[in-house]
Amino acid sequence: MSQHACAGNSKVWFARTEQPSANAEGLVLRSPKKFRVHTRAYTDPAIFQAEMERIFAKTWVFVAHESQIPKVGDFQTSYIGLQPVIVSRGQDMQIHVMVNRCVHRGAVLCREAHGNGTEFNCPYHGWVYGLDGKLLAMSERREAGGYAEDFEAPEGLHRLPRVENYRGFIFASFNAEVPPLQQYLGRARTVIDRKLDMSPVGEIEFVSRPYVGRYQGNWKFQAENIVDEYHFMHTHKGFVQLQAKYGQTTGDFDVHKGGSAKSMRKVRFAGVTWDCVNGHGLVETPSGEIESYLTGEFADYFQGVHAQHGGETLASMTGKLTASIFPNLGLIHNQVRVWRPISPELTEVIIYPYELKGAPPAYNEGMLRSQERFYGPAGHGQADDVEIFARNQQGLAGSAVDWLILERGLDTDAQNDHGDYKGLTTSEAPQRALWREWERLMSAAQA
Ligand code: FES
Ligand code: FE
């Protein structure tokens, strides 16, 4: 530790002393040369509560993928902020999203992560709801001190006013006025499109069980990190060294292209980043070697993708393509990642590896093995990242320093006509996307 860090008064060792406040004004400092975020944006319980109300209850939130509920009666439980929800497939194949809370006395109705059934039964007093959330029966309605003859029974579960689906990605919002989903996704749609277009039929399927884990840190660390190219060579140094030693023999179709640390750096530093309107951050590093795909082990498959979408798109698809879709969804590798805020200092991460429908089974299997190697419970990458998130939170607990610096690449990012900023690979443009939208939503609600 430097002398400087130890010097000064003993206040530096104390926990943060600000009174909790939902006032988000001044927590993001922006100027042409600076972009700073105040520590309280990650630590203050009042700010966390305000995020639930001003962000998660106001914007689109990813709740499920269609392949999780393909048949009548299928359901998946999820969260919008702290609010548990059920996503179900009704008798008419319609998708319903409703609050997972019995309207009687508030018990969580459905505790399973997913399943299939004909109705939802409340475990507390036995009220029964249909797949669309409609109240079907109240147990012992008139018996032994039951409800009056003219009791006005509620219609059913609270249904979300807006539910939209983009190519199988189901989003819901508590805000009836939220803009159409496709407009909201903006440039982030290109990442969804390219990921899905790797499938000959344009679809993905969640076929494996997800990896689920929690970390001791704020939800925004995960949202920032999934599109942070700056950290890879450092946080994942152990993995980089393994790659340098074993090269491609660990095999994962170039996803974590190996060789020396120098060659890995060259590949990883060759792309661009995006800071998109509505808070979405992207990383795009096209593959420079599509020829090897077109002539390699899965030549027929890649030639088909090439014929459908062209060389430039294939280079993008087979390169690195990552998105942090504000506020809770990530796309990286062959996985969909969801993060769920639980408290200012606790977050759940759910990783769904997916398969490309119609792609060669051996290719899908290889991608799954690759997932396990880097992101799985015994893998390298996710363990490194969540350790860093916990260290971040620990670092923010003291009161000596207030501001975090997020201005890397600010001087070289260039804005296009849609308002998105394009940066170089290790620019913190994707992280700034989150904070620009965070500031907009947090302060718009205050006004
Ligand atoms: Fe559900 Fe009473 S809380 S039936
Ligand atoms: Fe990482």
# chains A, B, ... in the order shown; residues from 1 in each chain; ligands from 1
>>> closest_atom_pairs(of="chain A", to="ligand 1", cutoff="12 Å", atoms="only C-alpha atoms and all ligand atoms", output="CSV")
residue,atom,partner,partner_atom_place_in_ligand_line,distance
A:Asn100,CA,ligand 1,1 (Fe),10.6
A:Arg101,CA,ligand 1,1 (Fe),7.8
A:Cys102,CA,ligand 1,1 (Fe),4.6
A:Val103,CA,ligand 1,1 (Fe),6.6
A:His104,CA,ligand 1,3 (S),4.6
A:Arg105,CA,ligand 1,3 (S),3.8
A:Gly106,CA,ligand 1,3 (S),5.0
A:Ala107,CA,ligand 1,3 (S),4.7
A:Val108,CA,ligand 1,1 (Fe),7.8
A:Leu109,CA,ligand 1,1 (Fe),6.9
A:Cys110,CA,ligand 1,1 (Fe),10.5
A:Phe120,CA,ligand 1,1 (Fe),10.3
A:Asn121,CA,ligand 1,1 (Fe),8.0
A:Cys122,CA,ligand 1,1 (Fe),4.6
A:Pro123,CA,ligand 1,1 (Fe),6.5
A:Tyr124,CA,ligand 1,2 (Fe),4.8
A:His125,CA,ligand 1,4 (S),3.7
A:Gly126,CA,ligand 1,4 (S),4.8
A:Trp127,CA,ligand 1,4 (S),4.4
A:Val128,CA,ligand 1,4 (S),7.9
A:Tyr129,CA,ligand 1,1 (Fe),10.0
A:Leu135,CA,ligand 1,4 (S),10.7
A:Leu136,CA,ligand 1,4 (S),11.9
A:Ala137,CA,ligand 1,4 (S),9.9
A:Met138,CA,ligand 1,4 (S),7.5
A:Ser139,CA,ligand 1,4 (S),7.9
A:Glu140,CA,ligand 1,4 (S),10.7
A:Arg141,CA,ligand 1,4 (S),11.0
A:Gly156,CA,ligand 1,1 (Fe),11.2
A:Leu157,CA,ligand 1,1 (Fe),10.6
>>> residues_around(residues="Gly358 in chain A", least_positions_apart="3", cutoff="12 Å", atoms="only C-alpha atoms", output="ChimeraX atom specification")
/A:196-205,301-302,304-305,355,361-364
>>> residues_near_ligand(ligand="ligand 2", cutoff="12 Å", atoms="only C-alpha atoms and all ligand atoms", output="tab-separated table (two decimals) with N, CA, C and O atoms, in the first residue's frame")
chain	number	residue	atom	x	y	z
A	221	PHE	N	-22.23	-4.00	-11.72
A	221	PHE	CA	-20.89	-4.52	-12.03
A	221	PHE	C	-20.98	-5.57	-13.15
A	221	PHE	O	-20.14	-5.63	-14.03
A	222	GLN	N	-22.01	-6.44	-13.08
A	222	GLN	CA	-22.17	-7.45	-14.12
A	222	GLN	C	-22.59	-6.81	-15.45
A	222	GLN	O	-22.06	-7.16	-16.51
A	223	ALA	N	-23.50	-5.85	-15.37
A	223	ALA	CA	-23.95	-5.18	-16.60
A	223	ALA	C	-22.78	-4.48	-17.29
A	223	ALA	O	-22.67	-4.48	-18.52
A	224	GLU	N	-21.89	-3.88	-16.50
A	224	GLU	CA	-20.72	-3.19	-17.07
A	224	GLU	C	-19.70	-4.19	-17.61
A	224	GLU	O	-19.10	-3.99	-18.67
A	225	ASN	N	-19.47	-5.24	-16.82
A	225	ASN	CA	-18.34	-6.13	-17.10
A	225	ASN	C	-18.50	-6.99	-18.34
A	225	ASN	O	-17.52	-7.30	-19.02
A	226	ILE	N	-19.74	-7.38	-18.65
A	226	ILE	CA	-19.93	-8.31	-19.77
A	226	ILE	C	-19.47	-7.69	-21.09
A	226	ILE	O	-19.13	-8.39	-22.04
A	227	VAL	N	-19.41	-6.36	-21.15
A	227	VAL	CA	-18.94	-5.68	-22.37
A	227	VAL	C	-17.66	-4.88	-22.08
A	227	VAL	O	-17.41	-3.86	-22.71
A	228	ASP	N	-16.87	-5.38	-21.14
A	228	ASP	CA	-15.63	-4.69	-20.77
A	228	ASP	C	-14.44	-5.45	-21.36
A	228	ASP	O	-13.97	-6.42	-20.77
A	229	GLU	N	-13.97	-5.02	-22.50
A	229	GLU	CA	-12.83	-5.69	-23.13
A	229	GLU	C	-11.52	-5.34	-22.43
A	229	GLU	O	-10.52	-6.03	-22.58
A	230	TYR	N	-11.53	-4.25	-21.71
A	230	TYR	CA	-10.31	-3.75	-21.05
A	230	TYR	C	-9.81	-4.73	-19.99
A	230	TYR	O	-8.62	-4.85	-19.74
A	231	HIS	N	-10.75	-5.48	-19.36
A	231	HIS	CA	-10.35	-6.29	-18.20
A	231	HIS	C	-9.77	-7.65	-18.58
A	231	HIS	O	-9.06	-8.26	-17.78
A	232	PHE	N	-10.10	-8.15	-19.77
A	232	PHE	CA	-9.90	-9.57	-20.05
A	232	PHE	C	-8.47	-10.05	-19.80
A	232	PHE	O	-8.24	-11.05	-19.10
A	233	MET	N	-7.50	-9.34	-20.36
A	233	MET	CA	-6.11	-9.81	-20.27
A	233	MET	C	-5.58	-9.74	-18.84
A	233	MET	O	-4.54	-10.34	-18.52
A	234	HIS	N	-6.27	-9.02	-17.98
A	234	HIS	CA	-5.79	-8.82	-16.60
A	234	HIS	C	-6.57	-9.71	-15.63
A	234	HIS	O	-5.99	-10.54	-14.93
A	235	THR	N	-7.89	-9.54	-15.60
A	235	THR	CA	-8.71	-10.36	-14.68
A	235	THR	C	-8.54	-11.85	-15.00
A	235	THR	O	-8.50	-12.68	-14.09
A	236	HIS	N	-8.46	-12.17	-16.28
A	236	HIS	CA	-8.40	-13.58	-16.69
A	236	HIS	C	-6.97	-14.00	-17.08
A	236	HIS	O	-6.78	-14.80	-17.99
A	237	LYS	N	-6.03	-13.43	-16.37
A	237	LYS	CA	-4.62	-13.69	-16.68
A	237	LYS	C	-4.29	-15.19	-16.61
A	237	LYS	O	-3.56	-15.73	-17.45
A	238	GLY	N	-4.86	-15.88	-15.62
A	238	GLY	CA	-4.60	-17.31	-15.48
A	238	GLY	C	-5.07	-18.07	-16.71
A	238	GLY	O	-4.38	-18.97	-17.21
A	239	PHE	N	-6.22	-17.69	-17.21
A	239	PHE	CA	-6.77	-18.33	-18.42
A	239	PHE	C	-5.90	-18.02	-19.64
A	239	PHE	O	-5.62	-18.89	-20.46
A	240	VAL	N	-5.46	-16.77	-19.71
A	240	VAL	CA	-4.60	-16.36	-20.83
A	240	VAL	C	-3.31	-17.19	-20.81
A	240	VAL	O	-2.85	-17.67	-21.85
A	256	HIS	N	-12.22	-18.43	-27.67
A	256	HIS	CA	-11.16	-17.81	-26.88
A	256	HIS	C	-9.84	-18.12	-27.58
A	256	HIS	O	-9.06	-18.93	-27.13
A	322	THR	N	-20.85	-9.19	-28.41
A	322	THR	CA	-21.36	-9.20	-27.03
A	322	THR	C	-22.25	-7.99	-26.81
A	322	THR	O	-21.96	-6.91	-27.31
A	332	ILE	N	-23.46	-13.17	-24.84
A	332	ILE	CA	-22.03	-13.36	-25.02
A	332	ILE	C	-21.82	-14.81	-25.39
A	332	ILE	O	-22.53	-15.69	-24.90
A	374	PHE	N	-15.21	-22.09	-19.68
A	374	PHE	CA	-14.95	-20.71	-19.26
A	374	PHE	C	-15.97	-20.19	-18.23
A	374	PHE	O	-15.62	-19.47	-17.31
A	375	TYR	N	-17.25	-20.58	-18.42
A	375	TYR	CA	-18.29	-19.98	-17.57
A	375	TYR	C	-18.89	-20.93	-16.54
A	375	TYR	O	-19.64	-20.52	-15.67
A	379	GLY	N	-15.31	-23.62	-14.25
A	379	GLY	CA	-14.63	-22.90	-15.33
A	379	GLY	C	-13.74	-21.78	-14.83
A	379	GLY	O	-13.63	-21.53	-13.63
A	380	HIS	N	-13.10	-21.12	-15.78
A	380	HIS	CA	-12.12	-20.09	-15.43
A	380	HIS	C	-12.72	-18.70	-15.29
A	380	HIS	O	-12.47	-17.99	-14.34
A	381	GLY	N	-13.52	-18.31	-16.28
A	381	GLY	CA	-13.86	-16.90	-16.42
A	381	GLY	C	-14.82	-16.34	-15.40
A	381	GLY	O	-14.57	-15.29	-14.79
A	382	GLN	N	-15.95	-17.03	-15.21
A	382	GLN	CA	-16.98	-16.45	-14.35
A	382	GLN	C	-16.47	-16.31	-12.91
A	382	GLN	O	-16.78	-15.34	-12.23
A	383	ALA	N	-15.69	-17.30	-12.48
A	383	ALA	CA	-15.14	-17.24	-11.12
A	383	ALA	C	-14.25	-16.01	-10.95
A	383	ALA	O	-14.30	-15.32	-9.93
A	384	ASP	N	-13.42	-15.73	-11.96
A	384	ASP	CA	-12.57	-14.53	-11.91
A	384	ASP	C	-13.43	-13.27	-11.78
A	384	ASP	O	-13.14	-12.39	-10.97
A	385	ASP	N	-14.47	-13.21	-12.60
A	385	ASP	CA	-15.27	-11.98	-12.66
A	385	ASP	C	-16.01	-11.72	-11.35
A	385	ASP	O	-16.01	-10.60	-10.84
A	386	VAL	N	-16.66	-12.75	-10.81
A	386	VAL	CA	-17.45	-12.49	-9.60
A	386	VAL	C	-16.54	-12.16	-8.41
A	386	VAL	O	-16.94	-11.43	-7.50
A	387	GLU	N	-15.33	-12.69	-8.44
A	387	GLU	CA	-14.37	-12.33	-7.40
A	387	GLU	C	-14.05	-10.83	-7.50
A	387	GLU	O	-13.99	-10.11	-6.49
A	388	ILE	N	-13.91	-10.35	-8.72
A	388	ILE	CA	-13.65	-8.92	-8.92
A	388	ILE	C	-14.85	-8.08	-8.49
A	388	ILE	O	-14.70	-7.02	-7.86
A	389	PHE	N	-16.07	-8.55	-8.78
A	389	PHE	CA	-17.26	-7.77	-8.39
A	389	PHE	C	-17.30	-7.62	-6.85
A	389	PHE	O	-17.64	-6.55	-6.33
>>> closest_residue(among="A:Gln94, A:Val207, A:Arg265, A:Ala359", to="Asp300 in chain A", atoms="only C-alpha atoms")
A:Ala359
>>> residues_around(residues="range 439-441 of chain A", least_positions_apart="5", cutoff="12 Å", atoms="only C-alpha atoms", output="PDB file with C-alpha atoms, in the first residue's frame")
ATOM      1  CA  ASN A  23     -31.608  11.761  -4.834  1.00  0.00           C
ATOM      2  CA  ALA A  24     -29.516  10.655  -7.813  1.00  0.00           C
ATOM      3  CA  GLU A  25     -28.619  14.159  -8.905  1.00  0.00           C
ATOM      4  CA  GLY A  26     -24.899  14.711  -9.289  1.00  0.00           C
ATOM      5  CA  LEU A  27     -23.985  11.013  -9.081  1.00  0.00           C
ATOM      6  CA  VAL A  28     -22.875  10.956 -12.734  1.00  0.00           C
ATOM      7  CA  LEU A  29     -20.476  13.739 -13.712  1.00  0.00           C
ATOM      8  CA  ARG A  30     -20.128  14.269 -17.430  1.00  0.00           C
ATOM      9  CA  ARG A  36     -17.228   9.967 -13.358  1.00  0.00           C
ATOM     10  CA  VAL A  37     -19.682   7.978 -11.262  1.00  0.00           C
ATOM     11  CA  HIS A  38     -20.127   8.457  -7.527  1.00  0.00           C
ATOM     12  CA  ALA A  41     -24.637   4.840  -7.066  1.00  0.00           C
ATOM     13  CA  ILE A  47     -30.534   4.568  -4.539  1.00  0.00           C
ATOM     14  CA  ALA A  50     -35.060   4.109  -6.423  1.00  0.00           C
ATOM     15  CA  GLU A  51     -33.526   1.967  -9.200  1.00  0.00           C
ATOM     16  CA  MET A  52     -36.267  -0.606  -8.683  1.00  0.00           C
ATOM     17  CA  GLU A  53     -38.922   2.093  -9.072  1.00  0.00           C
ATOM     18  CA  ARG A  54     -37.359   4.361 -11.690  1.00  0.00           C
ATOM     19  CA  ILE A  55     -35.540   1.796 -13.850  1.00  0.00           C
ATOM     20  CA  PHE A  56     -36.865  -1.743 -13.412  1.00  0.00           C
ATOM     21  CA  ALA A  57     -40.512  -0.684 -13.118  1.00  0.00           C
ATOM     22  CA  LYS A  58     -40.240   1.816 -15.979  1.00  0.00           C
ATOM     23  CA  THR A  59     -38.387   0.160 -18.802  1.00  0.00           C
ATOM     24  CA  VAL A 277     -29.064   5.035 -26.723  1.00  0.00           C
ATOM     25  CA  ASN A 278     -31.319   3.442 -24.093  1.00  0.00           C
ATOM     26  CA  GLY A 279     -28.330   2.093 -22.169  1.00  0.00           C
ATOM     27  CA  PHE A 326     -30.116  -2.511 -20.336  1.00  0.00           C
ATOM     28  CA  PRO A 327     -30.937  -3.249 -17.612  1.00  0.00           C
ATOM     29  CA  ARG A 432     -20.979   4.892 -20.324  1.00  0.00           C
ATOM     30  CA  ALA A 433     -24.093   3.721 -22.201  1.00  0.00           C
ATOM     31  CA  LEU A 434     -25.408   2.228 -18.964  1.00  0.00           C
ATOM     32  CA  GLN A 446     -37.259  12.998  -9.775  1.00  0.00           C
ATOM     33  CA  ALA A 447     -38.218  15.967 -11.936  1.00  0.00           C
TER      34      ALA A 447
END
>>> select_by_dssp(residues="range 157-357 of chain A", states="strand (DSSP E or B)", output="PyMOL selection string")
chain A and resi 159+162-166+169-173+204-206+211-215+272-275+281-285+320-325+329-332+335-343+346-356
>>> closest_residue(among="A:Gly376, A:Gly311, A:Asp275, A:Pro344", to="Gly186 in chain A", atoms="only C-alpha atoms")
A:Asp275
>>> residues_around(residues="Thr285 in chain A", least_positions_apart="2", cutoff="10 Å", atoms="only C-alpha atoms", output="list in words")
Val267, Arg268, Phe269, Ala270, Gly271, Val272, Thr273, Val283, Ser287, Gly288, Ala315, Ser316, Met317, Thr318, Gly319, Lys320, Leu321, Thr322 and Thr425 of chain A
>>> atom_distance(atom1="CA of Ala64 in chain A", atom2="CA of Gly168 in chain A")
8.5 Å
>>> closest_residue(among="A:Thr347, A:Gln308, A:Thr313, A:Gln68", to="Arg194 in chain A", atoms="only C-alpha atoms")
A:Thr313
>>> select_by_dssp(residues="range 179-426 of chain A", states="alpha helix (DSSP H)", output="number ranges by chain")
A: 181-185, 188-197, 219-225, 232-235, 237-246, 261-268, 290-295, 299-309, 311-318, 361-375, 381-397
>>> atom_distance(atom1="CA of Pro286 in chain A", atom2="CA of Ser427 in chain A")
16.7 Å
>>> residues_around(residues="Arg214 in chain A", least_positions_apart="2", cutoff="9 Å", atoms="only C-alpha atoms", output="ChimeraX atom specification")
/A:212,216-217,346-350,386
>>> write_last_selection(atoms="all heavy atoms", output="PDB file, in the first residue's frame")
ATOM      1  N   VAL A 212     -26.465 -21.081 -12.200  1.00  0.00           N
ATOM      2  CA  VAL A 212     -26.999 -20.003 -11.372  1.00  0.00           C
ATOM      3  C   VAL A 212     -26.024 -19.728 -10.236  1.00  0.00           C
ATOM      4  O   VAL A 212     -25.568 -20.665  -9.566  1.00  0.00           O
ATOM      5  CB  VAL A 212     -28.379 -20.389 -10.779  1.00  0.00           C
ATOM      6  CG1 VAL A 212     -28.974 -19.225  -9.988  1.00  0.00           C
ATOM      7  CG2 VAL A 212     -29.345 -20.810 -11.879  1.00  0.00           C
ATOM      8  N   GLN A 216     -21.367 -11.113  -4.186  1.00  0.00           N
ATOM      9  CA  GLN A 216     -21.527 -10.055  -3.180  1.00  0.00           C
ATOM     10  C   GLN A 216     -21.175  -8.719  -3.809  1.00  0.00           C
ATOM     11  O   GLN A 216     -20.121  -8.154  -3.547  1.00  0.00           O
ATOM     12  CB  GLN A 216     -20.609 -10.324  -1.984  1.00  0.00           C
ATOM     13  CG  GLN A 216     -20.928 -11.567  -1.192  1.00  0.00           C
ATOM     14  CD  GLN A 216     -22.202 -11.417  -0.376  1.00  0.00           C
ATOM     15  OE1 GLN A 216     -22.639 -10.319  -0.082  1.00  0.00           O
ATOM     16  NE2 GLN A 216     -22.808 -12.526  -0.027  1.00  0.00           N
ATOM     17  N   GLY A 217     -22.044  -8.248  -4.663  1.00  0.00           N
ATOM     18  CA  GLY A 217     -21.755  -6.972  -5.304  1.00  0.00           C
ATOM     19  C   GLY A 217     -22.988  -6.445  -6.024  1.00  0.00           C
ATOM     20  O   GLY A 217     -23.978  -7.161  -6.212  1.00  0.00           O
ATOM     21  N   LEU A 346     -25.906  -7.537  -3.390  1.00  0.00           N
ATOM     22  CA  LEU A 346     -26.120  -8.949  -3.715  1.00  0.00           C
ATOM     23  C   LEU A 346     -26.855  -9.076  -5.055  1.00  0.00           C
ATOM     24  O   LEU A 346     -27.889  -8.427  -5.265  1.00  0.00           O
ATOM     25  CB  LEU A 346     -26.923  -9.641  -2.608  1.00  0.00           C
ATOM     26  CG  LEU A 346     -27.090 -11.156  -2.745  1.00  0.00           C
ATOM     27  CD1 LEU A 346     -25.740 -11.880  -2.686  1.00  0.00           C
ATOM     28  CD2 LEU A 346     -28.003 -11.703  -1.643  1.00  0.00           C
ATOM     29  N   THR A 347     -26.295  -9.916  -5.922  1.00  0.00           N
ATOM     30  CA  THR A 347     -26.850 -10.071  -7.279  1.00  0.00           C
ATOM     31  C   THR A 347     -26.835 -11.543  -7.650  1.00  0.00           C
ATOM     32  O   THR A 347     -25.886 -12.258  -7.330  1.00  0.00           O
ATOM     33  CB  THR A 347     -25.986  -9.281  -8.289  1.00  0.00           C
ATOM     34  OG1 THR A 347     -25.914  -7.919  -7.866  1.00  0.00           O
ATOM     35  CG2 THR A 347     -26.565  -9.344  -9.700  1.00  0.00           C
ATOM     36  N   GLU A 348     -27.887 -11.973  -8.331  1.00  0.00           N
ATOM     37  CA  GLU A 348     -27.914 -13.334  -8.862  1.00  0.00           C
ATOM     38  C   GLU A 348     -27.643 -13.291 -10.359  1.00  0.00           C
ATOM     39  O   GLU A 348     -28.166 -12.414 -11.046  1.00  0.00           O
ATOM     40  CB  GLU A 348     -29.288 -13.969  -8.608  1.00  0.00           C
ATOM     41  CG  GLU A 348     -29.353 -15.427  -9.023  1.00  0.00           C
ATOM     42  CD  GLU A 348     -30.617 -16.089  -8.499  1.00  0.00           C
ATOM     43  OE1 GLU A 348     -31.650 -15.993  -9.191  1.00  0.00           O
ATOM     44  OE2 GLU A 348     -30.563 -16.691  -7.408  1.00  0.00           O
ATOM     45  N   VAL A 349     -26.847 -14.232 -10.831  1.00  0.00           N
ATOM     46  CA  VAL A 349     -26.557 -14.316 -12.265  1.00  0.00           C
ATOM     47  C   VAL A 349     -27.026 -15.672 -12.767  1.00  0.00           C
ATOM     48  O   VAL A 349     -26.720 -16.698 -12.167  1.00  0.00           O
ATOM     49  CB  VAL A 349     -25.048 -14.167 -12.538  1.00  0.00           C
ATOM     50  CG1 VAL A 349     -24.767 -14.276 -14.033  1.00  0.00           C
ATOM     51  CG2 VAL A 349     -24.528 -12.836 -12.024  1.00  0.00           C
ATOM     52  N   ILE A 350     -27.786 -15.666 -13.858  1.00  0.00           N
ATOM     53  CA  ILE A 350     -28.267 -16.914 -14.443  1.00  0.00           C
ATOM     54  C   ILE A 350     -27.732 -16.983 -15.871  1.00  0.00           C
ATOM     55  O   ILE A 350     -27.974 -16.076 -16.677  1.00  0.00           O
ATOM     56  CB  ILE A 350     -29.815 -16.964 -14.465  1.00  0.00           C
ATOM     57  CG1 ILE A 350     -30.363 -16.634 -13.075  1.00  0.00           C
ATOM     58  CG2 ILE A 350     -30.306 -18.335 -14.918  1.00  0.00           C
ATOM     59  CD1 ILE A 350     -31.849 -16.408 -13.035  1.00  0.00           C
ATOM     60  N   VAL A 386     -16.658 -12.747 -10.809  1.00  0.00           N
ATOM     61  CA  VAL A 386     -17.445 -12.487  -9.602  1.00  0.00           C
ATOM     62  C   VAL A 386     -16.544 -12.162  -8.406  1.00  0.00           C
ATOM     63  O   VAL A 386     -16.937 -11.431  -7.499  1.00  0.00           O
ATOM     64  CB  VAL A 386     -18.445 -13.623  -9.262  1.00  0.00           C
ATOM     65  CG1 VAL A 386     -19.499 -13.752 -10.344  1.00  0.00           C
ATOM     66  CG2 VAL A 386     -17.762 -14.944  -9.023  1.00  0.00           C
TER      67      VAL A 386
END
>>> closest_residue(among="A:Tyr352, A:Tyr215, A:Tyr147, A:Phe35", to="Gln394 in chain A", atoms="only C-alpha atoms")
A:Tyr215
